[in-house]
file work.cif (mmCIF, C-alpha atoms)
data_query
#
loop_
_atom_site.group_PDB
_atom_site.id
_atom_site.type_symbol
_atom_site.label_atom_id
_atom_site.label_comp_id
_atom_site.auth_asym_id
_atom_site.auth_seq_id
_atom_site.Cartn_x
_atom_site.Cartn_y
_atom_site.Cartn_z
ATOM 1 C CA MET A 28 79.418 113.903 74.620
ATOM 2 C CA GLU A 29 77.945 115.068 77.926
ATOM 3 C CA ILE A 30 77.528 111.497 79.185
ATOM 4 C CA THR A 31 81.096 110.613 78.210
ATOM 5 C CA ASP A 32 82.387 113.638 80.102
ATOM 6 C CA SER A 33 80.313 112.690 83.153
ATOM 7 C CA ILE A 34 81.701 109.154 83.100
ATOM 8 C CA LYS A 35 85.266 110.446 82.832
ATOM 9 C CA ASP A 36 84.599 112.834 85.708
ATOM 10 C CA LEU A 37 83.226 110.019 87.887
ATOM 11 C CA GLN A 38 86.206 107.816 87.073
ATOM 12 C CA TRP A 39 88.565 110.650 88.018
ATOM 13 C CA GLN A 40 86.680 111.184 91.301
ATOM 14 C CA ALA A 41 86.883 107.467 92.105
ATOM 15 C CA LEU A 42 90.641 107.445 91.497
ATOM 16 C CA THR A 43 91.028 110.532 93.682
ATOM 17 C CA ILE A 44 89.056 108.924 96.517
ATOM 18 C CA LYS A 45 91.140 105.755 96.320
ATOM 19 C CA ARG A 46 94.366 107.774 96.289
ATOM 20 C CA LYS A 47 93.316 109.758 99.367
ATOM 21 C CA ILE A 48 92.327 106.636 101.298
ATOM 22 C CA ARG A 49 95.587 104.925 100.384
ATOM 23 C CA GLN A 50 97.557 107.988 101.488
ATOM 24 C CA LYS A 51 95.668 108.076 104.789
ATOM 25 C CA ILE A 52 96.406 104.423 105.435
ATOM 26 C CA ARG A 53 100.089 104.773 104.578
ATOM 27 C CA SER A 54 100.382 107.810 106.862
ATOM 28 C CA LEU A 55 99.124 105.942 109.933
ATOM 29 C CA PRO A 56 101.688 105.647 112.757
ATOM 30 C CA ASN A 57 104.382 103.021 112.719
ATOM 31 C CA ASN A 58 104.831 100.520 115.536
ATOM 32 C CA PRO A 59 106.569 102.456 118.337
ATOM 33 C CA ASN A 60 107.921 99.206 119.806
ATOM 34 C CA ILE A 61 110.210 98.413 116.878
ATOM 35 C CA LYS A 62 113.426 100.047 115.744
ATOM 36 C CA ARG A 63 114.090 100.041 112.010
ATOM 37 C CA ILE A 64 117.577 99.214 110.809
ATOM 38 C CA SER A 65 118.706 102.186 108.747
ATOM 39 C CA SER A 66 120.569 100.178 106.109
ATOM 40 C CA SER A 67 117.418 98.213 105.253
ATOM 41 C CA PRO A 68 113.970 99.777 105.754
ATOM 42 C CA ASN A 69 112.315 96.344 105.713
ATOM 43 C CA CYS A 70 114.322 95.106 108.697
ATOM 44 C CA PHE A 71 113.756 95.947 112.323
ATOM 45 C CA VAL A 72 114.535 94.832 115.840
ATOM 46 C CA MET A 73 112.276 94.654 118.846
ATOM 47 C CA ASN A 74 112.254 93.283 122.345
ATOM 48 C CA VAL A 75 111.218 89.656 122.644
ATOM 49 C CA SER A 76 108.890 90.803 125.427
ATOM 50 C CA GLU A 77 106.652 92.258 122.687
ATOM 51 C CA ILE A 78 106.012 88.747 121.408
ATOM 52 C CA PHE A 79 105.544 87.136 124.785
ATOM 53 C CA GLY A 80 103.498 90.094 126.029
ATOM 54 C CA ASP A 81 101.008 89.555 123.194
ATOM 55 C CA LYS A 82 98.133 87.291 124.229
ATOM 56 C CA ASP A 83 98.369 85.339 120.938
ATOM 57 C CA GLN A 84 102.196 85.257 120.914
ATOM 58 C CA THR A 85 102.313 85.785 117.170
ATOM 59 C CA PHE A 86 105.722 84.919 115.712
ATOM 60 C CA SER A 87 105.205 86.611 112.344
ATOM 61 C CA ALA A 88 107.390 89.638 111.565
ATOM 62 C CA GLU A 89 104.601 91.085 109.387
ATOM 63 C CA TYR A 90 102.347 91.195 112.454
ATOM 64 C CA TYR A 91 104.629 93.738 114.153
ATOM 65 C CA ASP A 92 105.553 95.657 110.990
ATOM 66 C CA PHE A 93 102.737 98.186 110.684
ATOM 67 C CA ARG A 94 104.220 99.649 107.486
ATOM 68 C CA TYR A 95 104.006 96.242 105.825
ATOM 69 C CA GLN A 96 100.357 95.923 106.832
ATOM 70 C CA TYR A 97 99.569 99.450 105.585
ATOM 71 C CA LYS A 98 101.313 98.738 102.280
ATOM 72 C CA LYS A 99 99.352 95.501 101.858
ATOM 73 C CA MET A 100 96.043 97.314 102.519
ATOM 74 C CA SER A 101 97.011 100.109 100.135
ATOM 75 C CA ASN A 102 97.807 97.639 97.339
ATOM 76 C CA ILE A 103 94.505 95.846 97.862
ATOM 77 C CA ILE A 104 92.569 99.119 97.738
ATOM 78 C CA LYS A 105 94.425 100.158 94.580
ATOM 79 C CA LYS A 106 92.938 97.169 92.724
ATOM 80 C CA MET A 107 89.523 97.364 94.390
ATOM 81 C CA ASP A 108 86.331 98.903 93.090
ATOM 82 C CA VAL A 109 85.718 102.174 94.945
ATOM 83 C CA THR A 110 82.252 101.043 96.060
ATOM 84 C CA LYS A 111 83.757 98.122 98.025
ATOM 85 C CA ILE A 112 86.427 100.014 99.974
ATOM 86 C CA GLU A 113 84.361 101.006 103.002
ATOM 87 C CA ASN A 114 82.954 97.489 103.439
ATOM 88 C CA SER A 115 86.423 95.962 103.112
ATOM 89 C CA ILE A 116 87.943 98.279 105.723
ATOM 90 C CA ASN A 117 85.037 97.547 108.070
ATOM 91 C CA GLU A 118 85.612 93.829 107.495
ATOM 92 C CA TRP A 119 89.325 94.197 108.300
ATOM 93 C CA ILE A 120 88.406 96.016 111.512
ATOM 94 C CA ARG A 121 85.745 93.474 112.477
ATOM 95 C CA THR A 122 87.800 90.326 111.800
ATOM 96 C CA GLY A 123 91.348 91.581 112.381
ATOM 97 C CA TYR A 124 92.476 89.914 109.134
ATOM 98 C CA ILE A 125 93.130 90.828 105.530
ATOM 99 C CA ASN A 126 92.392 88.197 102.896
ATOM 100 C CA TYR A 127 94.194 88.606 99.581
ATOM 101 C CA SER A 128 95.473 86.544 96.685
ATOM 102 C CA THR A 129 98.954 86.361 95.219
ATOM 103 C CA TYR A 130 100.205 84.836 92.018
ATOM 104 C CA SER A 131 103.047 82.314 92.073
ATOM 105 C CA LYS A 132 105.137 82.373 88.919
ATOM 106 C CA ILE A 133 106.679 79.042 89.914
ATOM 107 C CA ASN A 134 103.362 77.205 90.298
ATOM 108 C CA GLN A 135 101.572 79.455 87.796
ATOM 109 C CA ARG A 136 98.479 79.860 89.926
ATOM 110 C CA PHE A 137 96.889 82.122 92.512
ATOM 111 C CA PHE A 138 97.082 81.452 96.232
ATOM 112 C CA GLN A 139 94.778 82.800 98.910
ATOM 113 C CA ASN A 140 96.606 84.411 101.822
ATOM 114 C CA ARG A 141 95.523 85.777 105.165
ATOM 115 C CA LEU A 142 97.367 88.457 107.118
ATOM 116 C CA LYS A 143 96.642 88.888 110.809
ATOM 117 C CA LEU A 144 96.461 92.554 111.776
ATOM 118 C CA HIS A 145 98.038 93.868 114.935
ATOM 119 C CA PRO A 146 95.340 95.177 117.336
ATOM 120 C CA GLN A 147 96.923 98.650 117.237
ATOM 121 C CA VAL A 148 96.645 98.687 113.439
ATOM 122 C CA VAL A 149 92.945 97.860 113.794
ATOM 123 C CA GLU A 150 92.570 100.794 116.193
ATOM 124 C CA TYR A 151 94.345 103.101 113.735
ATOM 125 C CA LEU A 152 92.064 101.894 110.915
ATOM 126 C CA LYS A 153 89.019 102.916 112.936
ATOM 127 C CA THR A 154 90.190 106.537 112.760
ATOM 128 C CA ILE A 155 89.990 106.526 108.957
ATOM 129 C CA LEU A 156 86.264 105.873 108.637
#
call {"tool": "encode", "arguments": {"input": "work.cif", "output": "structure tokens"}}
result
Amino acid sequence: MEITDSIKDLQWQALTIKRKIRQKIRSLPNNPNIKRISSSPNCFVMNVSEIFGDKDQTFSAEYYDFRYQYKKMSNIIKKMDVTKIENSINEWIRTGYINYSTYSKINQRFFQNRLKLHPQVVEYLKTIL
């Protein structure tokens, strides 16, 4: 009985750690260079100079939507083993990318995806560890 209780306690601690990390990530600052459209929280406008001012000139909306990137990281961490979280965040910081898989109901298979992180998001991630 004592071992079972210890295992349950460890599982609860792991869930608590994951929840706190996810909350920290989701509370990171939004992109100050975009203006959200109030009728739709997933839509925003920004100056085209933000795109052309970026050295890579990334034309992906997800690249400038910090909330989207935080949500993606949070969902990945939710499914991840707690022992792998720190290494994964360090990998995201080091590479500037998130690798994840999604399931297509149409094709009935998994696809590997890669999301490029905005450099400011990488800087914000460094404050978590």
call {"tool": "resolve_selection", "arguments": {"input": "work.cif", "expression": "the PyMOL selection byres ((chain A and resi 74) around 12)", "output": "VMD selection string"}}
result
chain A and resid 59 to 62 71 to 73 75 to 81 91
call {"tool": "atom_distance", "arguments": {"input": "work.cif", "atom1": "atom CA of A:Phe138", "atom2": "atom CA of A:Asp92"}}
result
22.2 Å
call {"tool": "residues_around", "arguments": {"input": "work.cif", "residues": "A:Leu55", "least_positions_apart": "6", "cutoff": "12 Å", "atoms": "all atoms listed in the file", "output": "number ranges by chain"}}
result
A: 48-49, 93-98, 100-101, 147-155
call {"tool": "axis_aligned_box", "arguments": {"input": "work.cif", "around": "stretch 51-67 of chain A", "padding_each_side": "6 Å", "output": "JSON"}}
result
{"center_x": 108.1, "center_y": 103.1, "center_z": 112.2, "size_x": 36.9, "size_y": 21.9, "size_z": 27.2}
call {"tool": "residues_around", "arguments": {"input": "work.cif", "residues": "A:Ile103", "least_positions_apart": "3", "cutoff": "12 Å", "atoms": "only C-alpha atoms", "output": "PDB file with C-alpha atoms, keeping the file's coordinate frame"}}
result
ATOM      1  CA  LYS A  45      91.140 105.755  96.320  1.00  0.00           C
ATOM      2  CA  ILE A  48      92.327 106.636 101.298  1.00  0.00           C
ATOM      3  CA  ARG A  49      95.587 104.925 100.384  1.00  0.00           C
ATOM      4  CA  ILE A  52      96.406 104.423 105.435  1.00  0.00           C
ATOM      5  CA  GLN A  96     100.357  95.923 106.832  1.00  0.00           C
ATOM      6  CA  TYR A  97      99.569  99.450 105.585  1.00  0.00           C
ATOM      7  CA  LYS A  98     101.313  98.738 102.280  1.00  0.00           C
ATOM      8  CA  LYS A  99      99.352  95.501 101.858  1.00  0.00           C
ATOM      9  CA  MET A 100      96.043  97.314 102.519  1.00  0.00           C
ATOM     10  CA  LYS A 106      92.938  97.169  92.724  1.00  0.00           C
ATOM     11  CA  MET A 107      89.523  97.364  94.390  1.00  0.00           C
ATOM     12  CA  ASP A 108      86.331  98.903  93.090  1.00  0.00           C
ATOM     13  CA  VAL A 109      85.718 102.174  94.945  1.00  0.00           C
ATOM     14  CA  LYS A 111      83.757  98.122  98.025  1.00  0.00           C
ATOM     15  CA  ILE A 112      86.427 100.014  99.974  1.00  0.00           C
ATOM     16  CA  SER A 115      86.423  95.962 103.112  1.00  0.00           C
ATOM     17  CA  ILE A 116      87.943  98.279 105.723  1.00  0.00           C
ATOM     18  CA  TRP A 119      89.325  94.197 108.300  1.00  0.00           C
ATOM     19  CA  ILE A 125      93.130  90.828 105.530  1.00  0.00           C
ATOM     20  CA  ASN A 126      92.392  88.197 102.896  1.00  0.00           C
ATOM     21  CA  TYR A 127      94.194  88.606  99.581  1.00  0.00           C
ATOM     22  CA  SER A 128      95.473  86.544  96.685  1.00  0.00           C
ATOM     23  CA  THR A 129      98.954  86.361  95.219  1.00  0.00           C
TER      24      THR A 129
END
call {"tool": "closest_residue", "arguments": {"input": "work.cif", "among": "A:Tyr130, A:Trp39, A:Tyr124, A:Phe86", "to": "A:Pro146", "atoms": "all atoms listed in the file"}}
result
A:Tyr124
call {"tool": "closest_residue", "arguments": {"input": "work.cif", "among": "A:Gln135, A:Lys105, A:Gln38, A:Leu144", "to": "A:Thr122", "atoms": "all atoms listed in the file"}}
result
A:Leu144
call {"tool": "atom_distance", "arguments": {"input": "work.cif", "atom1": "atom CA of A:His145", "atom2": "atom CA of A:Cys70"}}
result
17.5 Å
call {"tool": "atom_distance", "arguments": {"input": "work.cif", "atom1": "atom CA of A:Leu142", "atom2": "atom CA of A:Gly123"}}
result
8.6 Å
call {"tool": "closest_residue", "arguments": {"input": "work.cif", "among": "A:Lys47, A:Lys35, A:Ile133, A:Glu29", "to": "A:Ile104", "atoms": "only C-alpha atoms"}}
result
A:Lys47
call {"tool": "closest_residue", "arguments": {"input": "work.cif", "among": "A:Ile34, A:Leu42, A:Met28, A:Leu156", "to": "A:Asn117", "atoms": "all atoms listed in the file"}}
result
A:Leu156
call {"tool": "decode", "arguments": {"input": "work.cif", "residues": "stretch 51-138 of chain A", "atoms": "C-alpha atoms", "output": "PDB file, in the first residue's frame"}}
result
ATOM      1  CA  LYS A  51       4.333  29.726 -17.486  1.00  0.00           C
ATOM      2  CA  ILE A  52       4.645  29.255 -21.226  1.00  0.00           C
ATOM      3  CA  ARG A  53       1.103  30.445 -21.908  1.00  0.00           C
ATOM      4  CA  SER A  54       1.668  33.525 -19.734  1.00  0.00           C
ATOM      5  CA  LEU A  55       4.685  34.702 -21.738  1.00  0.00           C
ATOM      6  CA  PRO A  56       4.200  38.071 -23.484  1.00  0.00           C
ATOM      7  CA  ASN A  57       2.375  38.357 -26.761  1.00  0.00           C
ATOM      8  CA  ASN A  58       3.952  39.910 -29.843  1.00  0.00           C
ATOM      9  CA  PRO A  59       3.789  43.685 -29.267  1.00  0.00           C
ATOM     10  CA  ASN A  60       3.994  44.313 -33.024  1.00  0.00           C
ATOM     11  CA  ILE A  61       0.619  42.765 -33.831  1.00  0.00           C
ATOM     12  CA  LYS A  62      -2.891  43.982 -33.120  1.00  0.00           C
ATOM     13  CA  ARG A  63      -5.504  41.307 -32.493  1.00  0.00           C
ATOM     14  CA  ILE A  64      -8.896  41.697 -34.113  1.00  0.00           C
ATOM     15  CA  SER A  65     -11.417  41.671 -31.284  1.00  0.00           C
ATOM     16  CA  SER A  66     -14.098  39.707 -33.134  1.00  0.00           C
ATOM     17  CA  SER A  67     -11.696  36.807 -33.718  1.00  0.00           C
ATOM     18  CA  PRO A  68      -8.836  36.145 -31.276  1.00  0.00           C
ATOM     19  CA  ASN A  69      -6.981  34.070 -33.880  1.00  0.00           C
ATOM     20  CA  CYS A  70      -6.779  36.957 -36.346  1.00  0.00           C
ATOM     21  CA  PHE A  71      -4.433  39.899 -36.214  1.00  0.00           C
ATOM     22  CA  VAL A  72      -2.949  42.675 -38.290  1.00  0.00           C
ATOM     23  CA  MET A  73       0.594  43.944 -38.401  1.00  0.00           C
ATOM     24  CA  ASN A  74       2.761  46.233 -40.447  1.00  0.00           C
ATOM     25  CA  VAL A  75       4.327  44.652 -43.508  1.00  0.00           C
ATOM     26  CA  SER A  76       7.600  46.195 -42.329  1.00  0.00           C
ATOM     27  CA  GLU A  77       7.689  43.472 -39.643  1.00  0.00           C
ATOM     28  CA  ILE A  78       8.039  40.859 -42.368  1.00  0.00           C
ATOM     29  CA  PHE A  79      10.541  42.750 -44.461  1.00  0.00           C
ATOM     30  CA  GLY A  80      12.453  43.858 -41.364  1.00  0.00           C
ATOM     31  CA  ASP A  81      12.999  40.210 -40.404  1.00  0.00           C
ATOM     32  CA  LYS A  82      16.270  38.845 -41.783  1.00  0.00           C
ATOM     33  CA  ASP A  83      14.550  35.608 -42.904  1.00  0.00           C
ATOM     34  CA  GLN A  84      11.418  37.375 -44.218  1.00  0.00           C
ATOM     35  CA  THR A  85       9.165  34.627 -42.922  1.00  0.00           C
ATOM     36  CA  PHE A  86       5.700  34.761 -44.494  1.00  0.00           C
ATOM     37  CA  SER A  87       3.997  32.439 -42.008  1.00  0.00           C
ATOM     38  CA  ALA A  88       1.316  33.960 -39.763  1.00  0.00           C
ATOM     39  CA  GLU A  89       2.168  31.423 -37.032  1.00  0.00           C
ATOM     40  CA  TYR A  90       5.696  32.850 -36.895  1.00  0.00           C
ATOM     41  CA  TYR A  91       4.384  36.224 -35.689  1.00  0.00           C
ATOM     42  CA  ASP A  92       1.582  34.833 -33.509  1.00  0.00           C
ATOM     43  CA  PHE A  93       3.329  34.177 -30.203  1.00  0.00           C
ATOM     44  CA  ARG A  94       0.119  32.858 -28.615  1.00  0.00           C
ATOM     45  CA  TYR A  95      -0.108  30.179 -31.296  1.00  0.00           C
ATOM     46  CA  GLN A  96       3.484  29.136 -30.631  1.00  0.00           C
ATOM     47  CA  TYR A  97       2.899  29.056 -26.854  1.00  0.00           C
ATOM     48  CA  LYS A  98      -0.252  26.977 -27.324  1.00  0.00           C
ATOM     49  CA  LYS A  99       1.612  24.523 -29.562  1.00  0.00           C
ATOM     50  CA  MET A 100       4.408  24.146 -26.972  1.00  0.00           C
ATOM     51  CA  SER A 101       1.868  23.720 -24.180  1.00  0.00           C
ATOM     52  CA  ASN A 102       0.042  20.956 -26.070  1.00  0.00           C
ATOM     53  CA  ILE A 103       3.306  19.151 -26.761  1.00  0.00           C
ATOM     54  CA  ILE A 104       4.322  19.332 -23.099  1.00  0.00           C
ATOM     55  CA  LYS A 105       0.894  18.065 -22.031  1.00  0.00           C
ATOM     56  CA  LYS A 106       1.536  14.779 -23.870  1.00  0.00           C
ATOM     57  CA  MET A 107       5.224  14.564 -22.959  1.00  0.00           C
ATOM     58  CA  ASP A 108       6.879  12.571 -20.213  1.00  0.00           C
ATOM     59  CA  VAL A 109       7.911  14.963 -17.433  1.00  0.00           C
ATOM     60  CA  THR A 110      11.537  13.797 -17.597  1.00  0.00           C
ATOM     61  CA  LYS A 111      11.841  15.014 -21.214  1.00  0.00           C
ATOM     62  CA  ILE A 112      10.450  18.533 -20.788  1.00  0.00           C
ATOM     63  CA  GLU A 113      13.668  20.341 -19.894  1.00  0.00           C
ATOM     64  CA  ASN A 114      15.598  18.735 -22.764  1.00  0.00           C
ATOM     65  CA  SER A 115      12.812  19.560 -25.219  1.00  0.00           C
ATOM     66  CA  ILE A 116      12.664  23.220 -24.179  1.00  0.00           C
ATOM     67  CA  ASN A 117      16.454  23.451 -24.440  1.00  0.00           C
ATOM     68  CA  GLU A 118      16.232  21.902 -27.909  1.00  0.00           C
ATOM     69  CA  TRP A 119      13.586  24.443 -28.961  1.00  0.00           C
ATOM     70  CA  ILE A 120      15.841  27.245 -27.723  1.00  0.00           C
ATOM     71  CA  ARG A 121      18.940  25.823 -29.410  1.00  0.00           C
ATOM     72  CA  THR A 122      17.365  25.104 -32.814  1.00  0.00           C
ATOM     73  CA  GLY A 123      14.594  27.712 -32.948  1.00  0.00           C
ATOM     74  CA  TYR A 124      12.124  25.038 -34.107  1.00  0.00           C
ATOM     75  CA  ILE A 125       9.450  22.799 -32.662  1.00  0.00           C
ATOM     76  CA  ASN A 126       8.994  19.376 -34.239  1.00  0.00           C
ATOM     77  CA  TYR A 127       5.619  17.728 -33.697  1.00  0.00           C
ATOM     78  CA  SER A 128       3.280  15.262 -35.347  1.00  0.00           C
ATOM     79  CA  THR A 129      -0.352  15.673 -36.314  1.00  0.00           C
ATOM     80  CA  TYR A 130      -2.918  13.147 -37.394  1.00  0.00           C
ATOM     81  CA  SER A 131      -4.828  13.616 -40.646  1.00  0.00           C
ATOM     82  CA  LYS A 132      -8.295  12.105 -40.555  1.00  0.00           C
ATOM     83  CA  ILE A 133      -8.498  12.413 -44.340  1.00  0.00           C
ATOM     84  CA  ASN A 134      -5.291  10.474 -45.035  1.00  0.00           C
ATOM     85  CA  GLN A 135      -5.558   8.446 -41.819  1.00  0.00           C
ATOM     86  CA  ARG A 136      -1.908   8.831 -40.926  1.00  0.00           C
ATOM     87  CA  PHE A 137       0.482  10.975 -38.919  1.00  0.00           C
ATOM     88  CA  PHE A 138       2.490  13.799 -40.442  1.00  0.00           C
TER      89      PHE A 138
END
